[in-house]
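A.B. asks: Data: final29.txt, compact mmCIF, C-alpha atoms and all ligand atoms.
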```
# COMPACT_ATOMS: atom_id res chain seq x y z
CA MET X 965 -65.08 11.91 -18.80
CA VAL X 966 -64.73 14.23 -21.80
CA GLN X 967 -61.50 15.93 -22.62
CA GLU X 968 -62.83 19.46 -22.08
CA GLU X 969 -63.42 18.78 -18.39
CA PHE X 970 -59.67 18.77 -17.90
CA PRO X 971 -57.97 21.00 -16.94
CA PHE X 972 -59.83 22.83 -14.25
CA HIS X 973 -61.90 25.66 -12.87
CA LEU X 974 -59.13 27.78 -11.47
CA PRO X 975 -59.03 30.06 -9.61
CA SER X 976 -61.85 28.48 -7.62
CA PRO X 977 -64.76 30.76 -6.67
CA PHE X 978 -65.74 32.20 -3.29
CA GLN X 979 -69.24 31.77 -1.93
CA LYS X 980 -70.82 33.70 0.94
CA ILE X 981 -72.24 31.27 3.50
CA ASP X 982 -75.26 32.58 5.41
CA TYR X 983 -75.63 29.66 7.76
CA PHE X 984 -74.31 30.45 11.23
CA ASN X 985 -75.76 33.47 13.06
CA HIS X 986 -72.53 33.79 14.97
CA LEU X 987 -70.43 33.97 11.77
CA PRO X 988 -72.03 36.69 9.63
CA GLU X 989 -68.94 37.12 7.43
CA LEU X 990 -68.28 33.51 6.54
CA TRP X 991 -67.04 32.73 3.02
CA MET X 992 -66.20 29.40 1.49
CA LYS X 993 -63.38 29.03 -1.00
CA ARG X 994 -64.93 26.40 -3.25
CA ASP X 995 -61.93 24.27 -4.17
CA ASP X 996 -64.43 21.41 -4.31
CA LEU X 997 -65.55 22.90 -7.65
CA ILE X 998 -62.11 22.74 -9.25
CA HIS X 999 -62.94 19.43 -10.94
CA PRO X 1000 -65.55 16.69 -10.38
CA VAL X 1001 -62.91 14.04 -9.65
CA VAL X 1002 -59.62 15.82 -9.13
CA SER X 1003 -61.40 17.98 -6.60
CA GLY X 1004 -60.30 20.22 -3.74
CA ASN X 1005 -56.61 20.18 -3.00
CA LYS X 1006 -55.96 17.27 -5.38
CA TRP X 1007 -54.95 19.08 -8.56
CA ARG X 1008 -53.09 21.67 -6.53
CA LYS X 1009 -51.06 18.79 -5.10
CA LEU X 1010 -50.68 16.78 -8.31
CA ARG X 1011 -50.06 19.40 -10.96
CA GLY X 1012 -46.31 19.80 -10.29
CA PHE X 1013 -45.79 16.04 -10.27
CA PHE X 1014 -47.53 15.58 -13.60
CA GLN X 1015 -45.68 18.53 -15.11
CA ASP X 1016 -42.29 17.09 -14.16
CA CYS X 1017 -42.79 13.34 -14.35
CA ASP X 1018 -41.66 10.96 -17.09
CA LYS X 1019 -44.88 10.05 -18.88
CA SER X 1020 -43.40 6.80 -20.17
CA LYS X 1021 -42.78 5.35 -16.69
CA THR X 1022 -45.26 3.59 -14.43
CA VAL X 1023 -46.45 5.63 -11.46
CA LEU X 1024 -46.53 3.80 -8.16
CA THR X 1025 -48.80 5.43 -5.61
CA PHE X 1026 -50.43 4.56 -2.28
CA GLY X 1027 -53.55 5.03 -0.20
CA GLY X 1028 -56.19 3.63 2.11
CA ALA X 1029 -59.53 2.15 1.13
CA TYR X 1030 -61.29 5.54 1.24
CA SER X 1031 -58.37 7.60 -0.02
CA ASN X 1032 -59.46 10.65 -2.04
CA HIS X 1033 -56.00 10.72 -3.58
CA LEU X 1034 -56.35 7.40 -5.42
CA PRO X 1035 -59.37 8.32 -7.60
CA ALA X 1036 -57.84 11.74 -8.34
CA ALA X 1037 -54.49 10.22 -9.30
CA SER X 1038 -56.27 7.57 -11.40
CA PHE X 1039 -58.17 10.18 -13.33
CA ALA X 1040 -55.00 12.17 -14.04
CA LEU X 1041 -52.99 9.06 -14.97
CA LYS X 1042 -55.64 7.94 -17.42
CA TYR X 1043 -55.90 11.43 -18.85
CA PHE X 1044 -52.16 11.57 -19.50
CA GLY X 1045 -52.18 8.03 -20.91
CA MET X 1046 -49.96 6.76 -18.11
CA HIS X 1047 -49.76 3.43 -16.37
CA GLY X 1048 -50.57 3.48 -12.66
CA VAL X 1049 -50.04 0.88 -9.96
CA LEU X 1050 -51.98 1.61 -6.79
CA ILE X 1051 -50.96 0.00 -3.53
CA VAL X 1052 -53.95 -0.10 -1.19
CA ARG X 1053 -53.77 -0.64 2.57
CA GLY X 1054 -55.88 -3.67 3.57
CA GLU X 1055 -55.30 -7.19 2.22
CA GLU X 1056 -58.97 -8.03 2.85
CA LEU X 1057 -60.11 -5.53 0.18
CA ASN X 1058 -60.65 -5.91 -3.53
CA GLU X 1059 -61.58 -3.72 -6.48
CA ARG X 1060 -65.27 -4.03 -5.69
CA SER X 1061 -65.00 -3.19 -1.98
CA ASN X 1062 -66.17 0.40 -2.41
CA PRO X 1063 -66.85 3.06 -5.09
CA PHE X 1064 -63.45 4.70 -4.57
CA LEU X 1065 -61.60 1.50 -5.50
CA SER X 1066 -64.02 0.54 -8.29
CA TYR X 1067 -63.52 3.95 -9.83
CA CYS X 1068 -59.73 3.51 -9.84
CA ALA X 1069 -60.00 0.05 -11.41
CA ALA X 1070 -62.40 1.39 -14.04
CA GLN X 1071 -59.76 3.95 -15.05
CA GLY X 1072 -57.49 1.02 -15.94
CA MET X 1073 -55.27 1.20 -12.87
CA GLN X 1074 -53.61 -1.93 -11.47
CA LEU X 1075 -54.53 -2.33 -7.80
CA HIS X 1076 -52.62 -4.40 -5.22
CA PHE X 1077 -53.88 -4.89 -1.69
CA VAL X 1078 -51.30 -5.20 1.06
CA SER X 1079 -51.41 -5.84 4.79
CA ARG X 1080 -51.23 -2.96 7.23
CA SER X 1081 -47.75 -4.03 8.28
CA GLU X 1082 -46.49 -4.13 4.69
CA TYR X 1083 -48.02 -0.70 4.12
CA ARG X 1084 -46.35 0.64 7.27
CA ALA X 1085 -43.02 -0.71 6.09
CA LEU X 1086 -43.46 1.03 2.74
CA ARG X 1087 -44.18 4.29 4.51
CA ALA X 1088 -41.05 3.82 6.64
CA ARG X 1089 -39.03 3.32 3.42
CA GLN X 1090 -40.53 6.55 2.06
CA TRP X 1091 -42.56 4.52 -0.43
CA GLN X 1092 -39.56 2.86 -2.09
CA PRO X 1093 -40.54 -0.75 -2.90
CA THR X 1094 -38.24 -3.73 -2.41
CA GLN X 1095 -37.07 -5.91 -5.33
CA GLU X 1096 -39.45 -8.63 -4.14
CA GLN X 1097 -42.40 -6.22 -4.27
CA LEU X 1098 -41.45 -5.01 -7.75
CA LEU X 1099 -41.39 -8.59 -8.96
CA ARG X 1100 -44.69 -9.41 -7.26
CA TRP X 1101 -46.36 -6.32 -8.72
CA LYS X 1102 -44.68 -6.83 -12.11
CA ILE X 1103 -43.19 -3.34 -12.29
CA LYS X 1104 -40.00 -2.41 -14.14
CA GLU X 1105 -39.44 1.31 -14.80
CA PHE X 1106 -41.33 3.33 -12.23
CA GLN X 1107 -41.58 6.59 -10.32
CA VAL X 1108 -43.10 7.08 -6.89
CA LEU X 1109 -45.96 9.42 -6.09
CA PRO X 1110 -46.16 9.36 -2.28
CA GLU X 1111 -49.38 8.70 -0.36
CA GLY X 1112 -51.81 11.61 -0.66
CA GLY X 1113 -49.68 13.13 -3.42
CA ALA X 1114 -47.51 14.62 -0.67
CA GLY X 1115 -44.14 16.16 -1.41
CA ILE X 1116 -42.55 19.38 -2.50
CA HIS X 1117 -44.83 19.69 -5.54
CA ALA X 1118 -47.86 19.48 -3.29
CA ILE X 1119 -46.59 22.18 -0.96
CA GLN X 1120 -45.77 24.51 -3.84
CA GLY X 1121 -49.12 23.86 -5.52
CA CYS X 1122 -51.09 24.52 -2.34
CA GLY X 1123 -49.38 27.89 -1.99
CA GLU X 1124 -51.61 28.99 -4.85
CA ILE X 1125 -54.58 28.80 -2.52
CA TRP X 1126 -53.25 31.79 -0.61
CA SER X 1127 -52.42 33.65 -3.82
CA GLU X 1128 -56.04 33.21 -4.89
CA ILE X 1129 -57.50 34.31 -1.56
CA TYR X 1130 -55.51 37.37 -0.71
CA PRO X 1131 -56.23 39.68 -3.64
CA ILE X 1132 -59.99 39.14 -3.15
CA LEU X 1133 -60.55 38.84 0.59
CA THR X 1134 -58.40 39.74 3.58
CA PRO X 1135 -59.61 37.15 6.05
CA ARG X 1136 -59.17 37.59 9.76
CA HIS X 1137 -59.42 33.80 9.99
CA LEU X 1138 -58.69 30.98 7.56
CA VAL X 1139 -60.08 27.57 8.52
CA LEU X 1140 -59.11 24.33 6.81
CA ALA X 1141 -58.92 20.60 7.35
CA SER X 1142 -55.65 18.71 7.52
CA GLY X 1143 -54.40 15.16 7.01
CA THR X 1144 -50.76 14.98 5.90
CA ALA X 1145 -50.58 18.78 6.43
CA SER X 1146 -49.26 19.41 2.89
CA THR X 1147 -52.13 21.79 2.18
CA VAL X 1148 -51.67 23.96 5.24
CA LEU X 1149 -47.89 23.93 4.88
CA GLY X 1150 -48.30 25.19 1.31
CA VAL X 1151 -50.64 27.94 2.45
CA LEU X 1152 -48.35 29.00 5.29
CA HIS X 1153 -45.33 29.07 2.99
CA ALA X 1154 -47.17 31.43 0.68
CA MET X 1155 -48.42 33.74 3.46
CA PRO X 1156 -46.37 36.81 4.35
CA VAL X 1157 -44.51 37.13 7.63
CA ASN X 1158 -46.64 38.82 10.34
CA SER X 1159 -49.86 38.12 8.42
CA ASP X 1160 -53.00 39.35 10.19
CA THR X 1161 -54.80 36.17 9.18
CA GLN X 1162 -55.10 33.56 11.91
CA VAL X 1163 -54.97 30.00 10.57
CA HIS X 1164 -57.20 27.32 12.15
CA VAL X 1165 -56.17 23.78 11.28
CA VAL X 1166 -58.81 21.13 11.92
CA SER X 1167 -56.89 17.87 11.95
CA ALA X 1168 -58.87 14.92 10.60
CA VAL X 1169 -56.36 12.64 12.30
CA LYS X 1170 -56.14 12.14 16.06
CA GLY X 1171 -52.76 12.91 17.64
CA ALA X 1172 -50.96 13.90 14.44
CA LYS X 1173 -48.04 15.20 16.50
CA LYS X 1174 -45.40 15.25 13.78
CA GLU X 1175 -47.65 17.22 11.42
CA GLN X 1176 -48.72 19.54 14.23
CA GLU X 1177 -45.12 20.30 15.10
CA LEU X 1178 -44.13 21.01 11.48
CA VAL X 1179 -47.08 23.33 10.98
CA THR X 1180 -46.72 25.08 14.33
CA ASP X 1181 -43.00 25.66 13.79
CA LEU X 1182 -43.56 27.15 10.36
CA ALA X 1183 -46.34 29.45 11.61
CA HIS X 1184 -44.19 30.48 14.55
CA SER X 1185 -41.20 31.26 12.33
CA LYS X 1186 -43.41 33.60 10.28
CA ASN X 1187 -45.17 35.11 13.31
CA ILE X 1188 -48.56 33.84 12.14
CA THR X 1189 -51.16 32.95 14.77
CA LEU X 1190 -52.18 29.33 14.51
CA SER X 1191 -54.78 27.14 16.21
CA TRP X 1192 -54.43 23.37 15.85
CA ILE X 1193 -57.59 21.41 16.59
CA ASP X 1194 -56.86 17.76 17.26
CA GLU X 1195 -59.46 15.16 16.27
CA THR X 1196 -60.46 14.28 19.81
CA SER X 1197 -64.23 14.64 19.30
CA PHE X 1198 -65.13 11.67 17.11
CA GLY X 1199 -62.42 9.09 17.69
CA GLY X 1200 -59.98 9.72 14.86
CA PHE X 1201 -59.72 9.59 11.10
CA GLY X 1202 -62.84 8.35 9.34
CA ARG X 1203 -64.86 8.22 12.54
CA VAL X 1204 -68.15 10.09 12.69
CA ASN X 1205 -71.29 10.00 14.81
CA ASP X 1206 -74.96 10.72 14.15
CA VAL X 1207 -74.72 14.27 15.45
CA LEU X 1208 -71.99 15.07 12.94
CA LEU X 1209 -73.85 13.39 10.08
CA ASP X 1210 -76.98 15.39 10.98
CA LYS X 1211 -75.01 18.62 10.97
CA LYS X 1212 -73.53 17.72 7.59
CA THR X 1213 -76.96 16.90 6.11
CA SER X 1214 -78.57 20.10 7.45
CA PHE X 1215 -75.73 22.17 6.05
CA THR X 1216 -76.11 20.64 2.60
CA GLU X 1217 -79.91 20.97 2.66
CA LYS X 1218 -79.72 24.66 3.51
CA THR X 1219 -76.76 25.69 1.30
CA ALA X 1220 -76.84 23.06 -1.49
CA ILE X 1221 -73.12 22.52 -0.88
CA PRO X 1222 -72.16 18.86 -0.42
CA ILE X 1223 -69.27 18.35 1.97
CA ASP X 1224 -67.25 15.24 2.68
CA ARG X 1225 -67.53 13.50 6.03
CA ASN X 1226 -63.87 12.89 6.81
CA TYR X 1227 -62.48 16.39 6.48
CA ASN X 1228 -64.96 19.18 5.81
CA ALA X 1229 -67.72 17.88 8.08
CA LYS X 1230 -65.23 18.20 10.92
CA VAL X 1231 -64.49 21.79 9.90
CA LEU X 1232 -68.25 22.41 9.91
CA ASN X 1233 -68.42 21.06 13.43
CA TYR X 1234 -65.57 23.33 14.54
CA LEU X 1235 -67.22 26.38 12.99
CA SER X 1236 -70.51 25.57 14.67
CA ASN X 1237 -68.83 25.87 18.09
CA VAL X 1238 -66.27 28.63 17.70
CA ARG X 1239 -66.63 32.40 18.05
CA LEU X 1240 -64.61 34.29 15.45
CA ASN X 1241 -64.84 37.99 14.61
CA GLY X 1242 -64.39 39.48 11.16
CA THR X 1243 -64.10 37.78 7.81
CA VAL X 1244 -63.72 34.02 8.01
CA VAL X 1245 -62.69 31.91 5.01
CA TRP X 1246 -63.41 28.17 5.09
CA LEU X 1247 -61.32 26.39 2.49
CA ASN X 1248 -63.47 23.54 1.16
CA THR X 1249 -60.79 20.96 0.37
CA GLY X 1250 -63.17 18.76 -1.63
CA GLY X 1251 -63.49 14.99 -1.31
CA TYR X 1252 -66.19 12.76 -2.73
CA PRO X 1253 -69.42 13.12 -0.76
CA LEU X 1254 -71.18 11.01 -3.40
CA PHE X 1255 -68.82 8.05 -3.03
CA GLU X 1256 -69.12 7.92 0.74
CA ARG X 1257 -70.82 5.32 2.87
CA LEU X 1258 -73.56 6.95 4.86
C1 LIG X 1301 -60.95 16.17 0.99
C2 LIG X 1301 -59.67 16.37 1.68
N1 LIG X 1301 -59.53 17.43 2.49
C3 LIG X 1301 -58.39 17.65 3.18
C4 LIG X 1301 -57.32 16.81 3.05
C5 LIG X 1301 -56.10 17.09 3.84
O1 LIG X 1301 -55.06 17.52 3.04
P1 LIG X 1301 -53.56 17.32 3.51
O2 LIG X 1301 -53.29 15.85 3.50
O3 LIG X 1301 -52.79 18.07 2.49
O4 LIG X 1301 -53.45 17.90 4.86
C6 LIG X 1301 -57.41 15.69 2.22
C7 LIG X 1301 -56.28 14.77 2.05
O5 LIG X 1301 -55.53 14.93 1.12
C8 LIG X 1301 -58.61 15.46 1.52
O6 LIG X 1301 -58.76 14.39 0.72
```
Transcribe the structure of this file into structure tokens.

C.D. replies:
Amino acid sequence: MVQEEFPFHLPSPFQKIDYFNHLPELWMKRDDLIHPVVSGNKWRKLRGFFQDCDKSKTVLTFGGAYSNHLPAASFALKYFGMHGVLIVRGEELNERSNPFLSYCAAQGMQLHFVSRSEYRALRARQWQPTQEQLLRWKIKEFQVLPEGGAGIHAIQGCGEIWSEIYPILTPRHLVLASGTASTVLGVLHAMPVNSDTQVHVVSAVKGAKKEQELVTDLAHSKNITLSWIDETSFGGFGRVNDVLLDKKTSFTEKTAIPIDRNYNAKVLNYLSNVRLNGTVVWLNTGGYPLFERL
């Protein structure tokens, strides 16, 4: 990756999407074009961390086998000449298990694979490792970057999405995918009280009650209309079926816009079934369609 490709294409462009007859005013905010690797919401989430962190200390970060965060963090760590230790959920995995993990290893990151229960325990400790883990992973001075890059930096960074939308379009509806909810929380924080824009959150995770409550409470406190769509159609995070994959392929064939299967394909499915009047903005939160298993 050459130096000039970093930093990024910001603000990201809008593209009119003439795809659904029932949504004649559909626009996509192409955050997927921000950067080939640190794509979508990733740099928005990571920028504050990298601005404030101590570049001499190891960064300890976390993710699942198909995490989009891990390749993005690896790229940024390598770019800044930093040492990264990635803790990956799934002791059965290795660096060659999939292109996401191989990419991270090729950036010089140190990967450790842990059981689901060990990963859960780390999450419960808010990603603070034990002394035993530090010894096992051979880490001395370190700083934690939580799973998915979540945290206050991420929320502040994602607020910029709203600042980039509002001067250009005044959407009646904003539709976006959610996992940890950092992205939508950032957007809602940046939106004004009593905004006329209705926010539609397509959760990629089934039954994400804690995230739903946080997001709903914030929207309510600002008198913003919110729809939360739980992932009850496909069986939960990472689950897809042939109908969804066909929809995703047809969309890409017609528009030449690749979308990822875990997040944006589920937004596509929502948009294909919902009736919305006025200007609709679909925030394409990126991902790595090319890395995915099909
Ligand atoms: C491509 C993509 N879209 C959407 C999301 C959801 O973002 P968040 O976890 O901030 O809700 C993620 C996860 O970070 C992602 O990788």

A.B. asks: Counting all atoms listed in the file, which protein, DNA or RNA residues come within 9 Å of ligand LIG 1301 (chain X), given as a PyMOL selection string?

C.D. replies: chain X and resi 996+1003-1006+1009+1031-1033+1111-1114+1118-1119+1122+1140-1150+1167-1168+1175+1223-1228+1248-1252

A.B. asks: Give the padded box for stretch 1223-1234 of chain X as lines of an AutoDock Vina configuration file: axis-aligned, covering all atoms listed in the file, 4 Å on each side, centre and edge lengths in Å to one decimal.

C.D. replies:
```
center_x = -65.9
center_y = 18.1
center_z = 8.3
size_x = 14.8
size_y = 18.4
size_z = 20.6
```

A.B. asks: Using all atoms listed in the file, which protein or nucleic acid residues come within 8 Å of X:Gly1054? Drop anything in the same chain fewer than 6 positions from it, and give the result as a list in words.

C.D. replies: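 Residues near the query, excluding close chain neighbours: Gly1028, Ala1029, Phe1077, Val1078, Ser1079 and Arg1080 of chain X.
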
A.B. asks: Go ahead and compute the interatomic distance for atom CA of X:Leu1109 and atom CA of X:Gln1090, in Å to one decimal.

C.D. replies: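 These two atoms are separated by 10.2 Å.
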
A.B. asks: Rounded to one decimal place, report the atom CA of X:Val1023-atom CA of X:Leu1065 distance in Å.

C.D. replies: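 It comes out at 16.8 Å.
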
A.B. asks: So that I can see what lies close to stretch 1202-1216 of chain X, please list as a list in words the residues with an atom at most 6 Å from it, counting all atoms listed in the file and leaving out residues fewer than 5 positions away in the same chain.

C.D. replies: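 Answer for this query is Ile1221, Pro1222, Asn1226 and Ala1229 of chain X.
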
A.B. asks: Write out as a PyMOL selection string the residues lying within 8 Å of X:Ser1159, counting only C-alpha atoms and excluding same-chain residues fewer than 3 positions away.

C.D. replies: chain X and resi 1155-1156+1162+1187-1188

A.B. asks: Please provide the set of residues having any atom within 12 Å of stretch 977-986 of chain X, restricted to all atoms listed in the file, with same-chain residues fewer than 5 positions apart removed, written as a CSV table (one decimal) with C-alpha atoms, in the coordinates of the input.

C.D. replies:
```csv
chain,number,residue,atom,x,y,z
X,991,TRP,CA,-67.0,32.7,3.0
X,992,MET,CA,-66.2,29.4,1.5
X,993,LYS,CA,-63.4,29.0,-1.0
X,994,ARG,CA,-64.9,26.4,-3.2
X,995,ASP,CA,-61.9,24.3,-4.2
X,996,ASP,CA,-64.4,21.4,-4.3
X,997,LEU,CA,-65.6,22.9,-7.6
X,998,ILE,CA,-62.1,22.7,-9.2
X,1004,GLY,CA,-60.3,20.2,-3.7
X,1125,ILE,CA,-54.6,28.8,-2.5
X,1128,GLU,CA,-56.0,33.2,-4.9
X,1129,ILE,CA,-57.5,34.3,-1.6
X,1130,TYR,CA,-55.5,37.4,-0.7
X,1132,ILE,CA,-60.0,39.1,-3.2
X,1133,LEU,CA,-60.6,38.8,0.6
X,1211,LYS,CA,-75.0,18.6,11.0
X,1214,SER,CA,-78.6,20.1,7.4
X,1215,PHE,CA,-75.7,22.2,6.0
X,1216,THR,CA,-76.1,20.6,2.6
X,1217,GLU,CA,-79.9,21.0,2.7
X,1218,LYS,CA,-79.7,24.7,3.5
X,1219,THR,CA,-76.8,25.7,1.3
X,1220,ALA,CA,-76.8,23.1,-1.5
X,1221,ILE,CA,-73.1,22.5,-0.9
X,1232,LEU,CA,-68.2,22.4,9.9
X,1233,ASN,CA,-68.4,21.1,13.4
X,1234,TYR,CA,-65.6,23.3,14.5
X,1235,LEU,CA,-67.2,26.4,13.0
X,1236,SER,CA,-70.5,25.6,14.7
X,1237,ASN,CA,-68.8,25.9,18.1
X,1238,VAL,CA,-66.3,28.6,17.7
X,1239,ARG,CA,-66.6,32.4,18.0
X,1240,LEU,CA,-64.6,34.3,15.4
X,1241,ASN,CA,-64.8,38.0,14.6
X,1242,GLY,CA,-64.4,39.5,11.2
X,1243,THR,CA,-64.1,37.8,7.8
X,1244,VAL,CA,-63.7,34.0,8.0
X,1245,VAL,CA,-62.7,31.9,5.0
X,1246,TRP,CA,-63.4,28.2,5.1
X,1247,LEU,CA,-61.3,26.4,2.5
X,1248,ASN,CA,-63.5,23.5,1.2
```

A.B. asks: Ranking X:Asp1194, X:Gln1120, X:Asn1158, X:Arg1011 by minimum distance to X:Lys1173 and counting only C-alpha atoms, which one comes first?

C.D. replies: X:Asp1194

A.B. asks: I'd like the contact shell of X:Ala1037 - 8 Å cut-off, all atoms listed in the file, skipping same-chain residues fewer than 4 positions apart - returned as number ranges by chain.

C.D. replies: X: 1002, 1010, 1033, 1041

A.B. asks: Considering only C-alpha atoms, state which residue in the set X:Val1169, X:Val1163, X:Leu1138, X:Ala1183 is at the smallest distance from X:Glu989.

C.D. replies: X:Leu1138

A.B. asks: Please indicate the distance in Å from atom CA of X:Tyr1083 to atom CA of X:Gln1097, rounded to one decimal place.

C.D. replies: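 Computing it gives 11.5 Å between the two atoms.
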